[in-house]
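Chemist: Take a look at the following structure, please.
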Amino acid sequence: MEDDFEVEMSPLSQELTDSGKSVRVDIYRGNTGGWNLEVVDEFGNSTVWDDEFDSDAAALDEVRATIRDDGIDSLIGIKS
């Protein structure tokens with residue numbers, strides 16, 4: 001039997017836009033205590049970081065750095 005737990009959403013979860021394209025950034029804490037980072041594009045494709053973050057701010061910094069360094073297109077998949 002699995003233990004039920006509530007996911008705690010970070011108030012830093014938001015939509016980020018760059019080069020006229022937007023992604024939804026979800027930052028949440030699960031049952032392990034660390035912060036998880038997930039990015040969902042306009043087509044519903046999801047990118048989830050393997051590692052947890054010590055803070056929700058660190059997770060947001062990571063996705064902003066990814067967009068800055070690799071471009072927002074690196075987080076946008078294809079329409080299925």
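In the structure tokens, each chain is lettered A, B, ... as it comes, each chain's residues begin at 1, and ligands are numbered from 1 in order of appearance.
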So that I can see what lies close to range 71-78 of chain A, please list as a PyMOL selection string the residues with an atom at most 9 Å from it, counting only C-alpha atoms and leaving out residues fewer than 2 positions away in the same chain.

Modeler: chain A and resi 17-19+21-23+39-47+66-69+80

Chemist: Quick check for you: according to DSSP on this backbone, which residues of chain A are classed as strand (DSSP E)? Reply as a count of residues only.

Modeler: 25

Chemist: So, with only C-alpha atoms as the atoms that count, which of A:Asp70, A:Gly34, A:Lys79, A:Val63 lies closest to Ser13 in chain A?

Modeler: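 That would be A:Val63, the residue with the smallest distance to Ser13 in chain A.
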
Chemist: Between A:Gly30, A:Val25, A:Asn36, A:Gly20, single out the one closest to Glu8 in chain A, counting only C-alpha atoms.

Modeler: A:Gly30

Chemist: Find the residue from A:Ala65, A:Val7, A:Ala59, A:Leu16 that sits nearest to Gly33 in chain A; use only C-alpha atoms when measuring.

Modeler: A:Val7

Chemist: At a cut-off of 9 Å, using only C-alpha atoms, what residues contact Asp56 in chain A? Leave out same-chain residues fewer than 3 positions from it and give the result as a short mmCIF file (atom, residue, chain, number, x, y, z; two decimals) with C-alpha atoms, in the first residue's frame.

Modeler:
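Once everything was written out, this is result.cif:
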data_model
loop_
_atom_site.label_atom_id
_atom_site.label_comp_id
_atom_site.auth_asym_id
_atom_site.auth_seq_id
_atom_site.Cartn_x
_atom_site.Cartn_y
_atom_site.Cartn_z
CA SER A 10 5.62 26.55 -4.98
CA PRO A 11 4.36 30.12 -5.31
CA LEU A 12 7.26 30.52 -7.78
CA SER A 13 5.49 28.29 -10.33
CA ILE A 27 7.85 23.68 -9.02
CA TYR A 28 6.59 21.35 -6.34
CA ARG A 29 7.70 19.41 -3.29
CA GLY A 34 13.30 18.33 -2.18
CA TRP A 35 11.83 20.57 -4.85
CA ASN A 36 10.96 19.11 -8.24
CA LEU A 37 11.05 21.06 -11.50
CA PHE A 53 16.56 21.16 -5.68
CA ALA A 59 14.69 25.32 -9.29
CA LEU A 60 13.46 28.56 -10.85
CA ASP A 61 17.05 29.75 -11.32
#

Chemist: How would you write, as a PyMOL selection string, the set of residues in chain A that DSSP gives as alpha helix (DSSP H)?

Modeler: chain A and resi 56-70

Chemist: Provide the CA of Glu62 in chain A to CA of Asn31 in chain A distance in Å, to one decimal place.

Modeler: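 Between CA of Glu62 in chain A and CA of Asn31 in chain A the gap works out to 21.3 Å.
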